[in-house]
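Encoded as structure tokens, the structure appears first; notes follow it.
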Amino acid sequence: MTSPPIPHHAATGHVAPQADHADKARTLLQRIADLRAWLFLAFLILGFELWSRISFGGTFLFNPFNIQSIAVFAVAPLLLATGQTFVIISGGIDLSMGFIMGLAAVVAAHVINWATPGMGFGLAVLFGSVVAVLVAAIPGIVNGMLVALLKVPPFIGTLGMFGVARGVAFLLAGGTTVPVKNEVFSALGNGKIYGVPYIILVTAVFVLIMRYLLGQTKFGQHNYAIGANAQAARRAGINIKWHLLRLYILSGMCAGLAGVLYAARFSAGAAQAGEPLLLDSVAAVVIGGASLFGGSGTILGTVAGAFVIAVIQYGLVFINVAPFWQFISVGVVIIISVLIDQAQRRFSGGRQSE
Amino acid sequence: MSDMTPIGQPLLEVRHLSKNFGPVQALNDLTMMVRAGEVVALAGDNGAGKTTLIKAISGVYQPSSGEILLKGKPVAFASPQEARDQGIETIYQDLALADNLSIGANIFLGREPMRRKYGFLPVLDRAKMAEAAKTTMALLDFHVSRLDAPVSNFSGGQRQAVAIGRAVYWNAQILIMDEPTAALGVPEQRKVIQLIHQLKAQGRGVIFISHNLQDIFAVADRIVVLRRGVQAGERKISETTHDEVVKLMVGG
């Protein structure tokens, strides 16, 4: 070496001992922030349990009927929220999911009604469901092209698609709900196996697949990278356009599946099926620990977030509180959740600028 | 790393390179060379053509005339990706890392290794990524306690090391570093300087852009000074002084 030697210890990346305390505190805070949805959930269930025992002398949590009702309640928002989790981690948002869900529900109803005489009950259900999910992919493709190719901000692009999907869904439904006459379909929506409703099983399997996709595949890994630093992802050779296109197709198809299960459960397709669920899905993702700035979030967190909302909604009805308190409670939980996220960000950000 | 060029042999040669943007001549007939195990500093005022030069070398710009030779063979890169595939890696000042991912995940970003779980399910091979992170960072004499932590937990210098580590892992022969110490505090700057010494000892070529003459004199073997797109001078660091370099830069 031609230059003056540099003391060896100064040049290595050893974490100094005094940094260990801060490191531990940060790790702890990060854990708490990661688990906040589960903490909310435990806190809520405990609260309802206590309330239930004190005022009715009965249990809330250990009543299988309650658990099942909450789970059925959570199905549609959860399906939307899993897709929304991917989009939000990428730094985007999909506002059109609610009406894509309605569109899929109406398409499923029409196609199954049309196909049942020719195909028979079972095949018509399969055919109609597949068609509905594929139709739901179309607004996803448009969203993806707007965001990826035309660089439209996701908020605006998907807001436009919100209107388009809404209009198309109402037009297809003729402004009314479309009843489905197919026993297999309503059995799918309301039947059970070993006491567990089919729609919960379908949702559970789907959530596991989405968790695998996010946590174990290149697609998921690239999704995190793009959300954190799109330029870094591009420099690393990731095809961002292609990724975003597939991403919005995925969220559209999640909404499609939610629409099919909705139509099955109510034996009818309704354009407004997902209208109140869109914001619940965003709320579930945020409560579940994702940041709207992108780059963070998990499927398990979103599951907890969706259950937080479902437990609040069902629990308040259960204890006979005016339903309007739901909105207030969910709102407060969202705000607390975001505050935790920001506190954690500030804390770990302080170290970066050292 | 069997394909490394022996230390002292020419790795990269730039011959009579010119680049103009319309009527603006950003680079005019520039010739320089980087040998294996050599650190060449590029110095010059803003607008002197340093950035144009490294962008031409790294495939961002196509030169208007002149040629680039890699290990004696003429090359033309249509994109940064092509330059990277041939072992020319640029370490960006603004740290091209995904802060939410681990060191290993950043090293493998875009080229993630997969394994089969239960014999059929393809999953990310995180063990391999962590192992590569550990060995690569050790190669840079850089040790972190938590390999699974997102890189946002690390300091600026440590993250710079991760970016360098990624280049090293993918066997970059030539590293172009644009102001690698500009955003860092003094102890962190020293770490990066030490890292550059490591790269040099491994027989890689380094092109190092800095405004900081102290850093240049601490790490470079030669300095190429640019002024208004032309080479204003080239000196061995051992045979020049701060004053002389400054004079070359300002044209005094």
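Residues are named by chain letter and number: chains run A, B, ... in the order of the structure tokens, numbers start at 1 in each chain, and ligands are numbered from 1 in the order shown.
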Using only C-alpha atoms, which chain B residues lie at most 9 Å away from chain A, written as a PyMOL selection string? chain B and resi 80-81+95-101+105-106+108-114+122-125+140-145+152-158+161+184-185+187-188+190-195+197+200-201+217-221+238
Between atom CA of Arg346 of chain A and atom CA of Gly289 of chain A, measure the distance and give it in Å to one decimal. 15.3 Å
Selection near Leu261 of chain A, 8 Å with only C-alpha atoms, sequence-local residues under 6 positions removed, as a tab-separated table (two decimals) with C-alpha atoms, in the first residue's frame:
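Contents of the output file part_19.tsv:
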```tsv
chain	number	residue	atom	x	y	z
A	76	ALA	CA	-64.22	-10.30	2.01
A	105	ALA	CA	-69.89	-10.62	-8.19
A	189	GLY	CA	-71.23	-19.81	0.02
A	199	ILE	CA	-65.58	-19.74	2.24
```
Please list as a list in words every residue within 6 Å of segment 68-75 of chain B, counting only C-alpha atoms and excluding residues in the same chain fewer than 2 positions away. Leu11, Leu12, Glu13 and Val14 of chain B
Write out as a PyMOL selection string each polymer residue whose atoms come within 9 Å of Ile334 of chain A, counting only C-alpha atoms; drop sequence neighbours fewer than 4 positions from it. chain A and resi 283-284+286-287+329-330+338-339
Limited to C-alpha atoms, could you put the picked residues into a file as a tab-separated table (two decimals), in the first residue's frame?
```tsv
chain	number	residue	atom	x	y	z
A	283	ALA	CA	-57.25	0.01	7.16
A	284	ALA	CA	-56.50	-3.69	7.69
A	286	VAL	CA	-52.19	-0.25	7.82
A	287	ILE	CA	-53.27	-1.68	11.17
A	329	SER	CA	-63.27	2.66	17.04
A	330	VAL	CA	-61.76	1.58	13.73
A	338	VAL	CA	-49.97	5.05	12.10
A	339	LEU	CA	-48.56	6.89	15.12
```
